[in-house]
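Written out below as structure tokens is the structure these notes cover.
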Amino acid sequence: RGMHSISSRLNALFAFFLSVMGAITFGCFASTVFKDYNSSQIEILKHSVTLKNTVDFTTDRQRSDLASIQFSIDGNFTHLFDWNTKQLFLYLMCEYQNEKNELNQVVLWDKIMLREDSDVSEFNIKLANPKYYFFDDGPHLRGVNAKLSLRWNVIPNSGYMPFAGSSNEVQFQFPDEYSEVPHRQSKV
């Protein structure tokens, strides 16, 4: 019986392999820990804002403001992909305050972007509508100042997940009056 059996040699080889992989993972994290993932290379445009006062069926059927913001996003995201970036989670957020709540943040649209996506270097969406409903918790949006901002989470291969965003924000004001809702004409 030898001192170095097959199982002890495999155990030593496996432990060495784990140590090397741990060192490589830490090196991957350390090489990007201080990187600034914020960007000014992304442009956000707001085209139109409609505001309606309607029954919110997701709550106790109270009347709430329903907003729709048409937008465009144009930019290049290649500089955000380094060797520690697995994917980006992009989201367009509307931020505002009203007399009821000091801070309101509503996600209007989102997208998962992978390195191999064809639109990473020339990301361009035009005249898009929100992906999600934008209900306020009551009739509080008329005339309120707000801003649109594009933000993202960098999903890394290892390490912490930085939150960043575009420095180009769009300031706007919700309409002072509600949009007209066309009434159905009944057939007589």
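Each chain in the structure tokens gets a letter, A, B and so on, in the order shown; residues start at 1 in every chain, and ligands are counted from 1 in the order they appear.
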inquiry  = Residues within 12 Å of region 43-48 of chain A, please, as a ChimeraX atom specification. Count only C-alpha atoms; anything in the same chain fewer than 6 positions from it doesn't count.
reply    = /A:67-77,91-94,122-130,146-151,165-175,179
request  = Go through region 23-166 of chain A and collect every residue that DSSP, computed from the backbone, puts in alpha helix (DSSP H); the answer should be as a PyMOL selection string.
outcome  = chain A and resi 23-32
Since we have the selection now, will you write its residues out, keeping N, CA, C and O atoms, as a CSV table (one decimal), in the first residue's frame?
```
chain,number,residue,atom,x,y,z
A,23,ALA,N,-8.9,31.8,-7.2
A,23,ALA,CA,-8.0,32.9,-7.5
A,23,ALA,C,-8.4,33.6,-8.8
A,23,ALA,O,-8.4,34.8,-8.9
A,24,ILE,N,-8.8,32.8,-9.8
A,24,ILE,CA,-9.2,33.4,-11.1
A,24,ILE,C,-10.5,34.2,-10.9
A,24,ILE,O,-10.6,35.3,-11.4
A,25,THR,N,-11.4,33.7,-10.1
A,25,THR,CA,-12.7,34.4,-9.9
A,25,THR,C,-12.4,35.7,-9.1
A,25,THR,O,-13.0,36.7,-9.5
A,26,PHE,N,-11.6,35.6,-8.1
A,26,PHE,CA,-11.3,36.8,-7.4
A,26,PHE,C,-10.6,37.9,-8.3
A,26,PHE,O,-10.9,39.1,-8.2
A,27,GLY,N,-9.7,37.4,-9.2
A,27,GLY,CA,-9.0,38.3,-10.1
A,27,GLY,C,-10.0,39.0,-11.1
A,27,GLY,O,-9.9,40.1,-11.4
A,28,CYS,N,-11.0,38.2,-11.5
A,28,CYS,CA,-12.0,38.7,-12.4
A,28,CYS,C,-12.8,39.8,-11.7
A,28,CYS,O,-13.1,40.9,-12.2
A,29,PHE,N,-13.2,39.6,-10.4
A,29,PHE,CA,-13.9,40.6,-9.6
A,29,PHE,C,-13.0,41.8,-9.4
A,29,PHE,O,-13.5,42.9,-9.6
A,30,ALA,N,-11.8,41.6,-9.0
A,30,ALA,CA,-10.9,42.7,-8.6
A,30,ALA,C,-10.6,43.6,-9.8
A,30,ALA,O,-10.4,44.8,-9.6
A,31,SER,N,-10.6,43.0,-11.0
A,31,SER,CA,-10.2,43.8,-12.2
A,31,SER,C,-11.3,44.8,-12.6
A,31,SER,O,-11.1,45.8,-13.3
A,32,THR,N,-12.6,44.6,-12.1
A,32,THR,CA,-13.7,45.5,-12.5
A,32,THR,C,-14.4,46.2,-11.3
A,32,THR,O,-15.4,46.8,-11.5
```
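The smallest atom-to-atom distance between Gln41 (chain A) and any of A:Asp56, A:Trp83, A:Ser121, A:Arg142, using only C-alpha atoms, is found for A:Ser121.
One distance worth recording is that between CA of Ser19 (chain A) and CA of Tyr160 (chain A), which is 20.4 Å.
What separates CA of Phe14 (chain A) from CA of Val33 (chain A) is a distance of 28.3 Å.
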request  = Could you give me, as a list of chain:residue names, each residue of region 131-164 of chain A that DSSP assigns to strand (DSSP E) when run on this structure's backbone?
outcome  =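 Answer for region 131-164 of chain A, restricted to strand (DSSP E): A:Phe134, A:Phe135, A:Asn145, A:Ala146, A:Lys147, A:Leu148, A:Ser149, A:Leu150, A:Arg151, A:Trp152, A:Asn153, A:Val154, A:Ile155, A:Pro156, A:Phe163, A:Ala164.
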Same residues, N, CA and C atoms, output as a PDB file, in the first residue's frame:
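File written: again.pdb
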```pdb
ATOM      1  N   PHE A 134     -48.882  52.245 -16.145  1.00  0.00           N
ATOM      2  CA  PHE A 134     -48.394  53.303 -15.258  1.00  0.00           C
ATOM      3  C   PHE A 134     -49.588  53.897 -14.523  1.00  0.00           C
ATOM      4  N   PHE A 135     -49.966  53.265 -13.419  1.00  0.00           N
ATOM      5  CA  PHE A 135     -51.043  53.754 -12.564  1.00  0.00           C
ATOM      6  C   PHE A 135     -50.442  54.505 -11.387  1.00  0.00           C
ATOM      7  N   ASN A 145     -44.369  67.509 -12.188  1.00  0.00           N
ATOM      8  CA  ASN A 145     -43.077  67.420 -12.861  1.00  0.00           C
ATOM      9  C   ASN A 145     -42.495  66.024 -12.642  1.00  0.00           C
ATOM     10  N   ALA A 146     -41.857  65.501 -13.684  1.00  0.00           N
ATOM     11  CA  ALA A 146     -41.295  64.148 -13.604  1.00  0.00           C
ATOM     12  C   ALA A 146     -40.039  64.079 -14.457  1.00  0.00           C
ATOM     13  N   LYS A 147     -39.340  62.962 -14.333  1.00  0.00           N
ATOM     14  CA  LYS A 147     -38.170  62.733 -15.184  1.00  0.00           C
ATOM     15  C   LYS A 147     -38.114  61.272 -15.597  1.00  0.00           C
ATOM     16  N   LEU A 148     -37.643  61.056 -16.827  1.00  0.00           N
ATOM     17  CA  LEU A 148     -37.393  59.725 -17.349  1.00  0.00           C
ATOM     18  C   LEU A 148     -35.899  59.464 -17.284  1.00  0.00           C
ATOM     19  N   SER A 149     -35.516  58.297 -16.820  1.00  0.00           N
ATOM     20  CA  SER A 149     -34.096  57.951 -16.797  1.00  0.00           C
ATOM     21  C   SER A 149     -33.944  56.479 -17.137  1.00  0.00           C
ATOM     22  N   LEU A 150     -32.901  56.175 -17.888  1.00  0.00           N
ATOM     23  CA  LEU A 150     -32.578  54.798 -18.226  1.00  0.00           C
ATOM     24  C   LEU A 150     -31.506  54.327 -17.255  1.00  0.00           C
ATOM     25  N   ARG A 151     -31.768  53.221 -16.613  1.00  0.00           N
ATOM     26  CA  ARG A 151     -30.826  52.654 -15.653  1.00  0.00           C
ATOM     27  C   ARG A 151     -30.573  51.198 -16.004  1.00  0.00           C
ATOM     28  N   TRP A 152     -29.518  50.655 -15.429  1.00  0.00           N
ATOM     29  CA  TRP A 152     -29.203  49.248 -15.687  1.00  0.00           C
ATOM     30  C   TRP A 152     -28.482  48.631 -14.517  1.00  0.00           C
ATOM     31  N   ASN A 153     -28.656  47.321 -14.426  1.00  0.00           N
ATOM     32  CA  ASN A 153     -27.905  46.478 -13.500  1.00  0.00           C
ATOM     33  C   ASN A 153     -26.932  45.695 -14.356  1.00  0.00           C
ATOM     34  N   VAL A 154     -25.671  45.707 -13.972  1.00  0.00           N
ATOM     35  CA  VAL A 154     -24.659  44.920 -14.657  1.00  0.00           C
ATOM     36  C   VAL A 154     -24.593  43.576 -13.937  1.00  0.00           C
ATOM     37  N   ILE A 155     -24.968  42.514 -14.647  1.00  0.00           N
ATOM     38  CA  ILE A 155     -24.950  41.178 -14.064  1.00  0.00           C
ATOM     39  C   ILE A 155     -23.552  40.602 -14.313  1.00  0.00           C
ATOM     40  N   PRO A 156     -22.730  40.456 -13.262  1.00  0.00           N
ATOM     41  CA  PRO A 156     -21.341  40.015 -13.468  1.00  0.00           C
ATOM     42  C   PRO A 156     -21.199  38.496 -13.454  1.00  0.00           C
ATOM     43  N   PHE A 163     -25.269  48.969  -9.876  1.00  0.00           N
ATOM     44  CA  PHE A 163     -26.409  49.674 -10.436  1.00  0.00           C
ATOM     45  C   PHE A 163     -25.875  50.959 -11.051  1.00  0.00           C
ATOM     46  N   ALA A 164     -26.224  51.233 -12.290  1.00  0.00           N
ATOM     47  CA  ALA A 164     -25.726  52.420 -12.977  1.00  0.00           C
ATOM     48  C   ALA A 164     -26.826  52.967 -13.868  1.00  0.00           C
TER      49      ALA A 164
END
```
For His140 (chain A): contacts at 10 Å, only C-alpha atoms, fewer than 2 positions along chain excluded, given as a ChimeraX atom specification = /A:53,64-65,97-101,136-138,142-144
query = In Å, with one decimal, what is the gap from CA of Ala15 (chain A) to CA of Gly159 (chain A)?
reply =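 Atom-to-atom, CA of Ala15 (chain A) and CA of Gly159 (chain A) are spaced 21.8 Å apart.
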ask   = For Leu141 (chain A), which residue among A:Tyr178, A:Asn84, A:Leu18, A:Thr58 is the nearest when counting only C-alpha atoms?
value =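 Between A:Tyr178, A:Asn84, A:Leu18, A:Thr58, the residue approaching Leu141 (chain A) most closely is A:Tyr178.
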request  = Could you tell me which of A:Glu102, A:Glu116, A:Asp60, A:Asp110 comes closest to Thr85 (chain A) if we count only C-alpha atoms?
outcome  =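 Checking each of A:Glu102, A:Glu116, A:Asp60, A:Asp110 against Thr85 (chain A), counting only C-alpha atoms, the winner is A:Glu116.
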